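protein-v1.tsv (TSV, C-alpha atoms) appears below.
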```tsv
chain	number	residue	atom	x	y	z
A	1055	MET	CA	-135.40	14.52	16.62
A	1056	LEU	CA	-134.66	17.35	14.21
A	1057	ILE	CA	-131.85	16.55	11.76
A	1058	HIS	CA	-130.05	19.67	10.54
A	1059	CYS	CA	-128.59	20.14	7.10
A	1060	THR	CA	-125.05	18.95	6.66
A	1061	MET	CA	-122.40	21.18	5.11
A	1062	ASP	CA	-122.74	19.14	1.92
A	1063	GLU	CA	-126.44	19.93	1.82
A	1064	LEU	CA	-125.92	23.63	2.60
A	1065	LEU	CA	-123.35	23.90	-0.17
A	1066	ALA	CA	-125.67	22.08	-2.55
A	1067	ILE	CA	-128.54	24.44	-1.67
A	1068	ARG	CA	-126.27	27.45	-2.15
A	1069	ASP	CA	-125.22	26.14	-5.56
A	1070	GLY	CA	-128.83	25.46	-6.56
A	1071	GLU	CA	-128.41	21.71	-6.40
A	1072	GLY	CA	-130.04	20.97	-3.02
A	1073	SER	CA	-132.70	18.33	-2.53
A	1074	GLN	CA	-136.31	19.32	-1.94
A	1075	ALA	CA	-136.24	17.82	1.51
A	1076	ALA	CA	-133.20	19.87	2.49
A	1077	SER	CA	-134.77	23.01	1.05
A	1078	ARG	CA	-138.00	22.38	2.98
A	1079	HIS	CA	-136.01	21.85	6.18
A	1080	LEU	CA	-134.10	25.07	5.58
A	1081	ASP	CA	-137.39	27.00	5.31
A	1082	GLU	CA	-138.46	25.71	8.69
A	1083	CYS	CA	-135.16	25.64	10.60
A	1084	ASP	CA	-133.71	28.93	11.85
A	1085	GLU	CA	-130.45	27.29	12.80
A	1086	CYS	CA	-129.83	25.92	9.31
A	1087	SER	CA	-130.88	29.24	7.75
A	1088	HIS	CA	-128.36	30.91	10.02
A	1089	GLU	CA	-125.68	28.44	8.89
A	1090	LEU	CA	-126.46	29.17	5.27
A	1091	ASN	CA	-126.14	32.89	5.99
A	1092	LEU	CA	-122.79	32.30	7.67
A	1093	LEU	CA	-121.67	30.38	4.60
A	1094	HIS	CA	-122.66	33.28	2.37
A	1095	GLN	CA	-120.86	35.70	4.69
A	1096	ARG	CA	-117.69	33.65	4.68
A	1097	VAL	CA	-117.59	33.54	0.92
A	1098	ALA	CA	-118.41	37.24	0.69
A	1099	ALA	CA	-115.58	37.96	3.12
A	1100	LEU	CA	-113.23	35.80	1.05
A	1101	LYS	CA	-114.16	37.86	-1.99
A	1102	THR	CA	-113.25	41.07	-0.23
A	1103	MET	CA	-109.80	39.87	0.68
A	1104	PRO	CA	-107.25	42.32	-0.71
A	1105	THR	CA	-105.54	41.61	-3.99
A	1106	LEU	CA	-101.97	40.52	-3.41
A	1107	ASN	CA	-99.39	41.91	-5.79
A	1108	PRO	CA	-96.11	40.25	-6.72
A	1109	PRO	CA	-93.26	41.55	-4.58
A	1110	ARG	CA	-90.81	41.44	-7.48
A	1111	ASP	CA	-91.04	42.04	-11.18
A	1112	ARG	CA	-90.52	38.74	-12.96
A	1113	TRP	CA	-90.88	40.01	-16.53
A	1114	SER	CA	-87.13	40.18	-17.18
A	1115	VAL	CA	-86.78	36.51	-16.21
A	1116	VAL	CA	-89.77	35.48	-18.35
A	1117	ARG	CA	-88.55	37.58	-21.31
A	1118	ASP	CA	-85.03	36.13	-21.10
A	1119	GLU	CA	-86.39	32.59	-21.05
A	1120	VAL	CA	-88.71	33.27	-23.98
A	1121	LEU	CA	-85.91	34.83	-26.04
A	1122	ALA	CA	-83.49	32.04	-25.11
A	1123	GLY	CA	-86.11	29.48	-26.13
A	1124	ARG	CA	-86.60	31.22	-29.48
A	1125	ALA	CA	-82.83	31.35	-30.08
A	1126	LYS	CA	-82.59	27.65	-29.28
A	1127	LYS	CA	-85.44	26.89	-31.67
A	1128	ARG	CA	-83.75	28.94	-34.39
A	1129	ARG	CA	-80.51	27.04	-33.84
A	1130	GLN	CA	-82.38	23.75	-33.95
A	1131	PHE	CA	-84.18	24.87	-37.12
A	1132	VAL	CA	-80.93	25.94	-38.78
A	1133	GLY	CA	-79.37	22.65	-37.70
A	1134	TRP	CA	-82.36	20.78	-39.02
A	1135	LEU	CA	-82.21	22.78	-42.26
A	1136	GLY	CA	-78.50	21.96	-42.60
A	1137	ALA	CA	-79.18	18.31	-41.91
A	1138	ALA	CA	-82.04	18.32	-44.41
A	1139	ALA	CA	-79.82	20.00	-47.03
A	1140	ALA	CA	-77.05	17.49	-46.37
A	1141	ALA	CA	-79.55	14.66	-46.55
A	1142	SER	CA	-80.89	16.09	-49.80
A	1143	VAL	CA	-77.37	16.25	-51.29
A	1144	MET	CA	-76.64	12.73	-50.08
A	1145	LEU	CA	-79.93	11.56	-51.53
A	1146	THR	CA	-79.15	13.21	-54.87
A	1147	LEU	CA	-75.68	11.71	-54.87
A	1148	GLY	CA	-77.10	8.39	-53.84
A	1149	VAL	CA	-79.72	8.45	-56.57
A	1150	GLY	CA	-76.99	9.52	-59.02
A	1151	GLN	CA	-74.86	6.61	-57.87
A	1152	LEU	CA	-77.81	4.31	-58.29
A	1153	VAL	CA	-78.44	5.65	-61.79
A	1154	VAL	CA	-74.76	5.33	-62.66
A	1155	SER	CA	-74.55	1.86	-61.18
A	1156	ALA	CA	-77.79	0.95	-62.92
A	1157	ALA	CA	-76.26	2.21	-66.15
A	1158	ARG	CA	-73.15	0.19	-65.42
A	1159	GLU	CA	-75.06	-2.95	-64.60
A	1160	PRO	CA	-76.59	-4.17	-67.90
A	1161	ASP	CA	-80.20	-5.15	-67.91
A	1162	PRO	CA	-80.25	-8.57	-69.64
A	1163	LEU	CA	-83.73	-8.06	-71.06
A	1164	ALA	CA	-82.86	-4.63	-72.50
A	1165	GLU	CA	-79.68	-6.05	-73.95
A	1166	LEU	CA	-81.57	-8.87	-75.63
A	1167	VAL	CA	-84.15	-6.46	-77.07
A	1168	ASN	CA	-81.34	-4.24	-78.43
A	1169	GLU	CA	-79.60	-7.24	-79.91
A	1170	ALA	CA	-82.83	-8.44	-81.54
A	1171	GLN	CA	-83.37	-4.97	-83.06
A	1172	SER	CA	-79.81	-4.96	-84.45
A	1173	LEU	CA	-80.34	-8.39	-85.98
A	1174	GLU	CA	-83.61	-7.26	-87.50
A	1175	GLN	CA	-81.77	-4.32	-89.10
A	1176	ALA	CA	-79.16	-6.74	-90.43
A	1177	LEU	CA	-81.83	-9.00	-91.91
A	1178	ARG	CA	-83.35	-6.02	-93.77
A	1179	VAL	CA	-79.95	-5.12	-95.24
A	1180	PHE	CA	-79.70	-8.53	-96.85
A	1181	ARG	CA	-82.75	-7.80	-99.02
A	1182	PRO	CA	-83.70	-11.48	-99.32
A	1183	GLU	CA	-86.04	-10.80	-102.19
A	1184	SER	CA	-83.09	-9.80	-104.39
A	1185	ARG	CA	-80.99	-12.83	-103.59
A	1186	VAL	CA	-80.79	-16.30	-104.98
A	1187	MET	CA	-80.43	-18.96	-102.33
A	1188	SER	CA	-79.48	-22.56	-102.68
A	1189	GLY	CA	-82.10	-25.10	-101.80
A	1190	ARG	CA	-80.24	-26.07	-98.61
A	1191	VAL	CA	-80.05	-22.48	-97.42
A	1192	ALA	CA	-83.66	-21.84	-98.36
A	1193	THR	CA	-84.72	-24.89	-96.31
A	1194	ALA	CA	-82.67	-23.71	-93.34
A	1195	VAL	CA	-84.13	-20.21	-93.63
A	1196	ALA	CA	-87.65	-21.61	-93.83
A	1197	ALA	CA	-87.03	-23.80	-90.75
A	1198	LEU	CA	-85.67	-20.85	-88.79
A	1199	GLU	CA	-88.57	-18.62	-89.87
A	1200	ASP	CA	-91.05	-21.31	-88.82
A	1201	ARG	CA	-89.40	-21.53	-85.44
A	1202	LEU	CA	-89.48	-17.72	-85.15
A	1203	PHE	CA	-93.20	-17.76	-86.01
A	1204	ALA	CA	-93.80	-20.42	-83.37
A	1205	LEU	CA	-91.80	-18.30	-80.95
A	1206	GLU	CA	-94.00	-15.27	-81.69
A	1207	VAL	CA	-97.02	-17.39	-80.75
A	1208	ARG	CA	-95.34	-18.30	-77.46
A	1209	PHE	CA	-94.58	-14.61	-76.88
A	1210	GLY	CA	-98.26	-13.79	-77.31
A	1211	ARG	CA	-99.26	-16.48	-74.81
A	1212	ALA	CA	-96.63	-15.30	-72.34
A	1213	GLN	CA	-97.99	-11.75	-72.52
A	1214	GLN	CA	-101.54	-13.01	-71.99
A	1215	ARG	CA	-100.67	-14.91	-68.84
A	1216	ARG	CA	-98.36	-12.11	-67.68
A	1217	ALA	CA	-95.32	-14.31	-67.52
A	1218	SER	CA	-92.41	-13.46	-65.28
A	1219	ARG	CA	-89.46	-11.36	-66.36
A	1220	GLU	CA	-87.27	-14.45	-66.28
A	1221	GLN	CA	-89.60	-16.26	-68.70
A	1222	PHE	CA	-89.54	-13.28	-71.08
A	1223	ILE	CA	-85.74	-13.19	-70.87
A	1224	ARG	CA	-85.64	-16.85	-71.93
A	1225	LEU	CA	-88.02	-16.18	-74.84
A	1226	TRP	CA	-85.95	-13.17	-75.97
A	1227	GLU	CA	-82.77	-15.27	-75.73
A	1228	GLU	CA	-84.42	-17.83	-77.96
A	1229	ARG	CA	-85.55	-15.15	-80.41
A	1230	VAL	CA	-82.07	-13.59	-80.54
A	1231	GLY	CA	-80.57	-17.03	-81.08
A	1232	LEU	CA	-82.91	-17.80	-83.96
A	1233	MET	CA	-82.49	-14.36	-85.52
A	1234	GLY	CA	-78.70	-14.65	-85.19
A	1235	ALA	CA	-78.85	-18.01	-86.89
A	1236	LEU	CA	-81.04	-16.53	-89.61
A	1237	VAL	CA	-78.57	-13.70	-90.19
A	1238	GLU	CA	-75.73	-16.23	-90.38
A	1239	VAL	CA	-77.60	-18.38	-92.85
A	1240	ARG	CA	-78.44	-15.40	-95.07
A	1241	ARG	CA	-74.91	-14.06	-94.85
A	1242	ALA	CA	-73.69	-17.13	-96.67
A	1243	PRO	CA	-72.13	-16.45	-100.08
A	1244	VAL	CA	-74.84	-15.48	-102.52
A	1245	THR	CA	-75.25	-14.67	-106.09
A	1246	TYR	CA	-76.96	-11.41	-106.87
A	1247	VAL	CA	-79.43	-11.44	-109.67
A	1248	GLY	CA	-79.42	-8.32	-111.74
A	1249	PHE	CA	-82.75	-6.94	-112.97
B	724	MET	CA	-110.60	40.50	-12.12
B	725	MET	CA	-110.54	43.21	-14.76
B	726	THR	CA	-108.20	46.11	-13.99
B	727	ALA	CA	-107.76	49.34	-15.91
B	728	VAL	CA	-104.53	47.97	-17.30
B	729	THR	CA	-106.29	44.82	-18.46
B	730	ALA	CA	-108.97	46.86	-20.13
B	731	SER	CA	-106.31	48.84	-21.96
B	732	LEU	CA	-105.00	45.66	-23.51
B	733	ASP	CA	-106.76	46.04	-26.84
B	734	ASP	CA	-107.28	43.53	-29.61
B	735	ILE	CA	-104.33	44.88	-31.59
B	736	ALA	CA	-101.99	44.31	-28.66
B	737	ILE	CA	-103.36	40.79	-28.23
B	738	GLN	CA	-102.89	40.06	-31.94
B	739	ARG	CA	-99.32	41.37	-31.77
B	740	ALA	CA	-98.69	39.23	-28.70
B	741	LYS	CA	-100.07	36.21	-30.56
B	742	ALA	CA	-97.63	36.99	-33.36
B	743	GLY	CA	-94.81	36.83	-30.80
B	744	ASP	CA	-94.08	40.56	-30.41
B	745	ILE	CA	-92.07	40.70	-27.20
B	746	HIS	CA	-93.28	44.22	-26.31
B	747	ALA	CA	-96.90	43.15	-26.71
B	748	LEU	CA	-96.18	40.11	-24.55
B	749	GLU	CA	-94.81	42.42	-21.90
B	750	ARG	CA	-98.07	44.35	-22.02
B	751	VAL	CA	-99.95	41.11	-21.44
B	752	TYR	CA	-97.65	40.39	-18.49
B	753	ARG	CA	-98.18	43.87	-17.03
B	754	ALA	CA	-101.92	43.57	-17.47
B	755	TYR	CA	-102.27	40.17	-15.81
B	756	GLN	CA	-99.41	39.79	-13.36
B	757	GLY	CA	-101.57	40.95	-10.40
B	758	THR	CA	-104.42	38.61	-11.30
B	759	VAL	CA	-102.10	35.66	-11.70
B	760	TYR	CA	-100.03	36.35	-8.60
B	761	ASN	CA	-103.11	36.86	-6.45
B	762	LEU	CA	-104.63	33.57	-7.62
B	763	ALA	CA	-101.34	31.75	-7.10
B	764	ARG	CA	-100.77	33.33	-3.70
B	765	ARG	CA	-104.26	32.39	-2.52
B	766	MET	CA	-103.74	28.81	-3.63
B	767	CYS	CA	-100.11	28.23	-2.69
B	768	ARG	CA	-98.74	28.24	0.81
B	769	SER	CA	-95.71	30.45	0.28
B	770	ARG	CA	-94.88	33.67	-1.50
B	771	GLU	CA	-91.96	31.97	-3.24
B	772	ASP	CA	-94.23	29.28	-4.66
B	773	ALA	CA	-96.64	31.94	-5.89
B	774	GLU	CA	-93.79	33.82	-7.58
B	775	ASP	CA	-92.69	30.61	-9.27
B	776	VAL	CA	-96.25	30.06	-10.47
B	777	LEU	CA	-96.33	33.63	-11.80
B	778	GLN	CA	-93.14	33.06	-13.76
B	779	GLU	CA	-94.16	29.60	-15.07
B	780	THR	CA	-97.60	30.87	-16.03
B	781	PHE	CA	-96.27	33.74	-18.13
B	782	LEU	CA	-93.64	31.58	-19.71
B	783	GLU	CA	-96.46	29.27	-20.79
B	784	VAL	CA	-98.58	32.23	-21.89
B	785	CYS	CA	-95.74	33.61	-24.03
B	786	LEU	CA	-95.10	30.22	-25.61
B	787	SER	CA	-98.74	29.29	-26.21
B	788	ILE	CA	-100.57	32.56	-26.84
B	789	GLY	CA	-100.30	31.92	-30.58
B	790	LYS	CA	-102.66	28.98	-30.10
B	791	PHE	CA	-105.16	31.04	-28.07
B	792	ARG	CA	-108.38	31.21	-30.12
B	793	GLY	CA	-110.75	32.97	-27.74
B	794	ALA	CA	-112.61	35.91	-29.21
B	795	GLU	CA	-115.10	36.77	-26.48
B	796	PRO	CA	-114.36	39.53	-23.97
B	797	GLY	CA	-112.66	38.09	-20.93
B	798	SER	CA	-111.66	34.87	-22.64
B	799	LEU	CA	-107.98	35.82	-22.46
B	800	THR	CA	-108.37	36.43	-18.72
B	801	ALA	CA	-110.06	33.04	-18.28
B	802	TRP	CA	-107.37	31.35	-20.39
B	803	ILE	CA	-104.51	32.89	-18.40
B	804	LYS	CA	-106.22	32.13	-15.09
B	805	ARG	CA	-106.70	28.53	-16.09
B	806	ILE	CA	-103.00	28.23	-16.89
B	807	ALA	CA	-102.18	29.85	-13.55
B	808	ALA	CA	-104.54	27.52	-11.66
B	809	SER	CA	-103.02	24.53	-13.39
B	810	LYS	CA	-99.48	25.67	-12.57
B	811	ALA	CA	-100.43	26.36	-8.96
B	812	LEU	CA	-101.97	22.89	-8.61
B	813	MET	CA	-98.82	21.38	-10.10
B	814	LYS	CA	-96.79	23.30	-7.55
B	815	ILE	CA	-99.07	22.01	-4.80
B	816	ARG	CA	-98.71	18.43	-6.03
B	817	ARG	CA	-94.93	18.75	-6.18
B	818	ALA	CA	-94.82	20.15	-2.67
B	819	LYS	CA	-97.17	17.52	-1.31
B	820	TYR	CA	-94.37	15.48	0.20
B	821	ARG	CA	-93.88	18.35	2.62
B	822	ASP	CA	-97.58	18.58	3.28
B	823	THR	CA	-99.43	15.47	4.37
B	824	ASP	CA	-102.68	17.14	3.31
B	825	GLU	CA	-103.79	17.43	6.91
B	826	PHE	CA	-105.28	20.50	8.45
B	827	PHE	CA	-102.93	22.58	10.56
B	828	GLU	CA	-105.21	23.06	13.52
B	829	ASP	CA	-102.45	23.70	16.04
B	830	ALA	CA	-101.86	27.20	14.76
B	831	ALA	CA	-105.47	28.33	15.24
B	832	PRO	CA	-105.64	32.07	15.95
B	833	ALA	CA	-107.91	33.64	18.54
B	834	PRO	CA	-111.23	34.60	16.92
B	835	GLU	CA	-111.83	38.31	16.37
B	836	THR	CA	-115.09	40.11	15.95
B	837	GLY	CA	-116.51	42.39	13.23
B	838	ASP	CA	-116.05	42.37	9.44
B	839	VAL	CA	-112.37	43.34	9.48
B	840	GLY	CA	-111.80	40.74	12.13
B	841	LEU	CA	-113.58	38.11	10.05
B	842	ARG	CA	-111.44	38.98	7.05
B	843	MET	CA	-108.24	38.79	9.08
B	844	ASP	CA	-109.43	35.53	10.57
B	845	LEU	CA	-110.20	34.25	7.13
B	846	GLU	CA	-106.66	35.02	5.97
B	847	ALA	CA	-105.36	33.07	8.92
B	848	VAL	CA	-107.73	30.12	8.75
B	849	MET	CA	-107.36	29.82	5.00
B	850	CYS	CA	-103.65	29.34	5.64
B	851	ARG	CA	-104.50	26.56	8.04
B	852	LEU	CA	-106.35	24.60	5.42
B	853	SER	CA	-104.45	22.05	3.44
B	854	ASP	CA	-103.14	23.29	0.09
B	855	THR	CA	-105.66	21.14	-1.78
B	856	ALA	CA	-108.64	22.25	0.30
B	857	ARG	CA	-107.62	25.90	0.06
B	858	ALA	CA	-107.23	25.59	-3.70
B	859	VAL	CA	-110.69	24.05	-4.03
B	860	VAL	CA	-112.31	26.78	-1.89
B	861	TRP	CA	-110.60	29.51	-3.87
B	862	LEU	CA	-111.26	28.06	-7.30
B	863	HIS	CA	-114.91	27.19	-6.58
B	864	ASP	CA	-116.14	29.98	-4.32
B	865	ILE	CA	-114.06	32.90	-5.59
B	866	GLU	CA	-113.04	32.12	-9.15
B	867	GLY	CA	-116.32	30.41	-10.01
B	868	TYR	CA	-114.90	27.15	-11.29
B	869	THR	CA	-117.33	24.23	-11.27
B	870	HIS	CA	-116.52	21.00	-9.48
B	871	GLU	CA	-116.12	19.42	-12.92
B	872	ASP	CA	-113.50	22.04	-13.86
B	873	ILE	CA	-111.64	21.53	-10.59
B	874	ALA	CA	-111.77	17.75	-10.92
B	875	GLU	CA	-110.29	18.04	-14.41
B	876	LEU	CA	-107.56	20.44	-13.29
B	877	MET	CA	-106.67	18.27	-10.33
B	878	GLY	CA	-107.00	14.95	-12.09
B	879	LYS	CA	-109.47	13.88	-9.43
B	880	SER	CA	-113.17	13.05	-9.30
B	881	VAL	CA	-116.02	15.52	-8.93
B	882	SER	CA	-116.93	13.97	-5.59
B	883	PHE	CA	-113.35	14.57	-4.41
B	884	SER	CA	-113.73	18.27	-5.20
B	885	LYS	CA	-117.13	18.41	-3.48
B	886	SER	CA	-115.91	16.63	-0.37
B	887	GLN	CA	-112.83	18.86	-0.16
B	888	LEU	CA	-115.05	21.96	-0.32
B	889	SER	CA	-117.45	20.60	2.27
B	890	ARG	CA	-114.68	19.61	4.69
B	891	ALA	CA	-112.97	22.96	4.21
B	892	HIS	CA	-116.14	24.92	5.00
B	893	THR	CA	-116.83	22.77	8.01
B	894	ARG	CA	-113.33	23.59	9.29
B	895	LEU	CA	-113.61	27.27	8.45
B	896	ARG	CA	-116.97	27.44	10.22
B	897	LYS	CA	-115.54	25.75	13.28
B	898	TRP	CA	-112.36	27.81	13.44
B	899	LEU	CA	-114.11	31.12	12.88
B	900	SER	CA	-116.85	30.60	15.42
B	901	GLY	CA	-114.90	28.63	17.93
B	902	GLU	CA	-117.85	26.31	18.29
B	903	ALA	CA	-118.63	22.89	17.04
B	904	ARG	CA	-121.84	22.30	15.17
B	905	CYS	CA	-124.04	19.28	15.65
```
Could you render the structure from this file as structure tokens?
Amino acid sequence: MLIHCTMDELLAIRDGEGSQAASRHLDECDECSHELNLLHQRVAALKTMPTLNPPRDRWSVVRDEVLAGRAKKRRQFVGWLGAAAAASVMLTLGVGQLVVSAAREPDPLAELVNEAQSLEQALRVFRPESRVMSGRVATAVAALEDRLFALEVRFGRAQQRRASREQFIRLWEERVGLMGALVEVRRAPVTYVGF
Amino acid sequence: MMTAVTASLDDIAIQRAKAGDIHALERVYRAYQGTVYNLARRMCRSREDAEDVLQETFLEVCLSIGKFRGAEPGSLTAWIKRIAASKALMKIRRAKYRDTDEFFEDAAPAPETGDVGLRMDLEAVMCRLSDTARAVVWLHDIEGYTHEDIAELMGKSVSFSKSQLSRAHTRLRKWLSGEARC
């Protein structure tokens, strides 16, 4: 019994994708060749169908929508620009507030460093080399200076192990305390020695 | 399909259209409205749907032409046609609740003879195909889309596109000849 090509096979042959068996059958079968011709004719007839033109001009509608879309985008952009500007101003003000509040809120570490520098200035003013100290004062000064030296060693170790801010604050507090004590000791009534 | 108007749409006009020049965009519309409407009308069931597709296509073209990067001759035509085909298929999908995707065999016209008769019959029998089948026939056999292209546009498989084309041709063959094939 002769099995004709299916529409799938005819379409595949037309599109150059047919199997060899189907192609061989087509060569031998007039009926299938006729069907393939009819397929070609149908498609050719479809291609000759007249071009259909739009009954109405739609450009004005398209143009209006495009222009309306652009206007909307512009409005959105201007709105976005305004919002961005407002945000920028708010950010500036906010940063300013932060700076001001930061300035208002004292940094304990910075305060301690400033205080230590002031005390150091005060110690230089006393010109210890030109003063005569009692033995008791000299002992107290020596003890304080020893403790300051020991504190400097602890500072060095703290820096090496990258100690926390809180630990540095404690060390600076100790340094300021010792320096303050040193200033107090040296401020004691002295007798200047003239050269 | 390249018309005289299309051919007159030179590179400068296309560049101006890409820059958003509304007059250049109108020239693009004038050049391609026939092509787009014809494709939409052949795919969609009604004239109103085809007009909607025409409008939606050119709205998309106007909004997206700045992104069009084709440089080869005819690439703008192919790009616009692809947008139109996509819009038409979307229209078909949206209208599918009205159309159960069955063939409308009840309205079969009496077969006529001769080339003109075949063409008139074709118009009629194409209308009897389901929207999906008609779209596949038109896109594949007339516009030259591959089954892979159609599958991508439709969001279906290649075998779906192939089977739709095969079923459609079987129906067209039957309706046009008035005979059933073994």
Would you tabulate, counting only C-alpha atoms, all residues of chain B that have an atom at most 7 Å from an atom of chain A, showing the closest pair of atoms and their distance in Å to one decimal, sorted by chain then ascending number, as a Markdown table?
```
| residue | atom | partner | partner_atom | distance |
| --- | --- | --- | --- | --- |
| B:Gly757 | CA | A:Asn1107 | CA | 5.2 |
| B:Tyr760 | CA | A:Pro1108 | CA | 5.8 |
| B:Asn761 | CA | A:Leu1106 | CA | 4.9 |
| B:Glu774 | CA | A:Pro1108 | CA | 6.9 |
| B:Gln778 | CA | A:Val1116 | CA | 6.2 |
| B:Phe781 | CA | A:Val1116 | CA | 6.7 |
| B:Leu782 | CA | A:Val1116 | CA | 5.7 |
| B:Arg842 | CA | A:Ala1099 | CA | 5.8 |
| B:Leu845 | CA | A:Leu1100 | CA | 7.0 |
| B:Asp864 | CA | A:Val1097 | CA | 6.5 |
| B:Ile865 | CA | A:Lys1101 | CA | 6.1 |
| B:Ser889 | CA | A:Asp1062 | CA | 5.5 |
| B:Thr893 | CA | A:Met1061 | CA | 6.5 |
```
- Message: Using only C-alpha atoms, which protein or nucleic acid residues come within 12 Å of Ala1197 of chain A? Drop anything in the same chain fewer than 4 positions from it, and give the result as a list in words.
- Response: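 So, after excluding close chain neighbours, the residues are Arg1190, Val1191, Ala1192, Thr1193, Arg1201, Leu1202, Phe1203, Ala1204, Leu1232, Met1233, Ala1235, Leu1236 and Val1239 of chain A.
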- Task: Could you tell me which of B:Met813, B:Leu888, B:Ala818, B:Val784 comes closest to Glu749 of chain B if we count all atoms listed in the file?
- Result: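 Closest to Glu749 of chain B of all the choices is B:Val784.
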- Item | Two-atom distance - atom CA of Glu1227 of chain A, atom CA of Glu1165 of chain A (Å) |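 Result for atom CA of Glu1227 of chain A versus atom CA of Glu1165 of chain A: 9.9 Å, one decimal.
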- Which distance in Å separates atom CA of Met766 of chain B and atom CA of Ala801 of chain B, to one decimal? 16.5 Å
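Here atom CA of His892 of chain B stands at a distance of 28.0 Å from atom CA of Asp775 of chain B.
For the choices B:Leu786, B:Val859, B:Leu852, B:Leu895, the atom-to-atom distance to Lys1127 of chain A is smallest for B:Leu786 when using only C-alpha atoms.
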Taking the point (-80.0, -10.7, -87.4) as given in the file, collect each protein or nucleic acid residue that comes within 7 Å of it, counting all atoms listed in the file, and present the set as a PDB file with C-alpha atoms, in the coordinates of the input.
```pdb
ATOM      1  CA  ALA A1170     -82.830  -8.440 -81.540  1.00  0.00           C
ATOM      2  CA  SER A1172     -79.810  -4.960 -84.450  1.00  0.00           C
ATOM      3  CA  LEU A1173     -80.340  -8.390 -85.980  1.00  0.00           C
ATOM      4  CA  GLU A1174     -83.610  -7.260 -87.500  1.00  0.00           C
ATOM      5  CA  GLN A1175     -81.770  -4.320 -89.100  1.00  0.00           C
ATOM      6  CA  ALA A1176     -79.160  -6.740 -90.430  1.00  0.00           C
ATOM      7  CA  LEU A1177     -81.830  -9.000 -91.910  1.00  0.00           C
ATOM      8  CA  MET A1233     -82.490 -14.360 -85.520  1.00  0.00           C
ATOM      9  CA  GLY A1234     -78.700 -14.650 -85.190  1.00  0.00           C
ATOM     10  CA  LEU A1236     -81.040 -16.530 -89.610  1.00  0.00           C
ATOM     11  CA  VAL A1237     -78.570 -13.700 -90.190  1.00  0.00           C
TER      12      VAL A1237
END
```
Within 12 Å of Glu1206 of chain A, counting all atoms listed in the file, which residues qualify if same-chain residues fewer than 3 places away don't, as an mmCIF file with C-alpha atoms, in the frame of the given file?
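Result went into result.cif, see below:
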```
data_model
loop_
_atom_site.group_PDB
_atom_site.id
_atom_site.type_symbol
_atom_site.label_atom_id
_atom_site.label_comp_id
_atom_site.auth_asym_id
_atom_site.auth_seq_id
_atom_site.Cartn_x
_atom_site.Cartn_y
_atom_site.Cartn_z
ATOM 1 C CA GLU A 1199 -88.570 -18.620 -89.870
ATOM 2 C CA ASP A 1200 -91.050 -21.310 -88.820
ATOM 3 C CA ARG A 1201 -89.400 -21.530 -85.440
ATOM 4 C CA LEU A 1202 -89.480 -17.720 -85.150
ATOM 5 C CA PHE A 1203 -93.200 -17.760 -86.010
ATOM 6 C CA PHE A 1209 -94.580 -14.610 -76.880
ATOM 7 C CA GLY A 1210 -98.260 -13.790 -77.310
ATOM 8 C CA ARG A 1211 -99.260 -16.480 -74.810
ATOM 9 C CA ALA A 1212 -96.630 -15.300 -72.340
ATOM 10 C CA GLN A 1213 -97.990 -11.750 -72.520
ATOM 11 C CA PHE A 1222 -89.540 -13.280 -71.080
ATOM 12 C CA LEU A 1225 -88.020 -16.180 -74.840
ATOM 13 C CA TRP A 1226 -85.950 -13.170 -75.970
ATOM 14 C CA GLU A 1228 -84.420 -17.830 -77.960
ATOM 15 C CA ARG A 1229 -85.550 -15.150 -80.410
ATOM 16 C CA LEU A 1232 -82.910 -17.800 -83.960
#
```
- Pick out the residues sitting within 8 Å of Val759 of chain B, and hand them over as a ChimeraX atom specification; count only C-alpha atoms, and ignore anything fewer than 4 positions along from it in its own chain. /B:755,763,777,780,803-804,807
- Task: Could you please give me, as a PyMOL selection string, the residues of protein, DNA or RNA lying at most 12 Å from (-93.8, 40.3, -28.8) in the coordinate frame of the file, considering only C-alpha atoms?
- Result: (chain A and resi 1117+1120-1121+1124) or (chain B and resi 735-752+784-786+788-789)
Write the selection just made, keeping C-alpha atoms, as a JSON list (two decimals), in the coordinates of the input?
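Listing of result_9.json after writing:
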```
[["chain", "number", "residue", "atom", "x", "y", "z"],
["A", 1117, "ARG", "CA", -88.55, 37.58, -21.31],
["A", 1120, "VAL", "CA", -88.71, 33.27, -23.98],
["A", 1121, "LEU", "CA", -85.91, 34.83, -26.04],
["A", 1124, "ARG", "CA", -86.60, 31.22, -29.48],
["B", 735, "ILE", "CA", -104.33, 44.88, -31.59],
["B", 736, "ALA", "CA", -101.99, 44.31, -28.66],
["B", 737, "ILE", "CA", -103.36, 40.79, -28.23],
["B", 738, "GLN", "CA", -102.89, 40.06, -31.94],
["B", 739, "ARG", "CA", -99.32, 41.37, -31.77],
["B", 740, "ALA", "CA", -98.69, 39.23, -28.70],
["B", 741, "LYS", "CA", -100.07, 36.21, -30.56],
["B", 742, "ALA", "CA", -97.63, 36.99, -33.36],
["B", 743, "GLY", "CA", -94.81, 36.83, -30.80],
["B", 744, "ASP", "CA", -94.08, 40.56, -30.41],
["B", 745, "ILE", "CA", -92.07, 40.70, -27.20],
["B", 746, "HIS", "CA", -93.28, 44.22, -26.31],
["B", 747, "ALA", "CA", -96.90, 43.15, -26.71],
["B", 748, "LEU", "CA", -96.18, 40.11, -24.55],
["B", 749, "GLU", "CA", -94.81, 42.42, -21.90],
["B", 750, "ARG", "CA", -98.07, 44.35, -22.02],
["B", 751, "VAL", "CA", -99.95, 41.11, -21.44],
["B", 752, "TYR", "CA", -97.65, 40.39, -18.49],
["B", 784, "VAL", "CA", -98.58, 32.23, -21.89],
["B", 785, "CYS", "CA", -95.74, 33.61, -24.03],
["B", 786, "LEU", "CA", -95.10, 30.22, -25.61],
["B", 788, "ILE", "CA", -100.57, 32.56, -26.84],
["B", 789, "GLY", "CA", -100.30, 31.92, -30.58]]
```
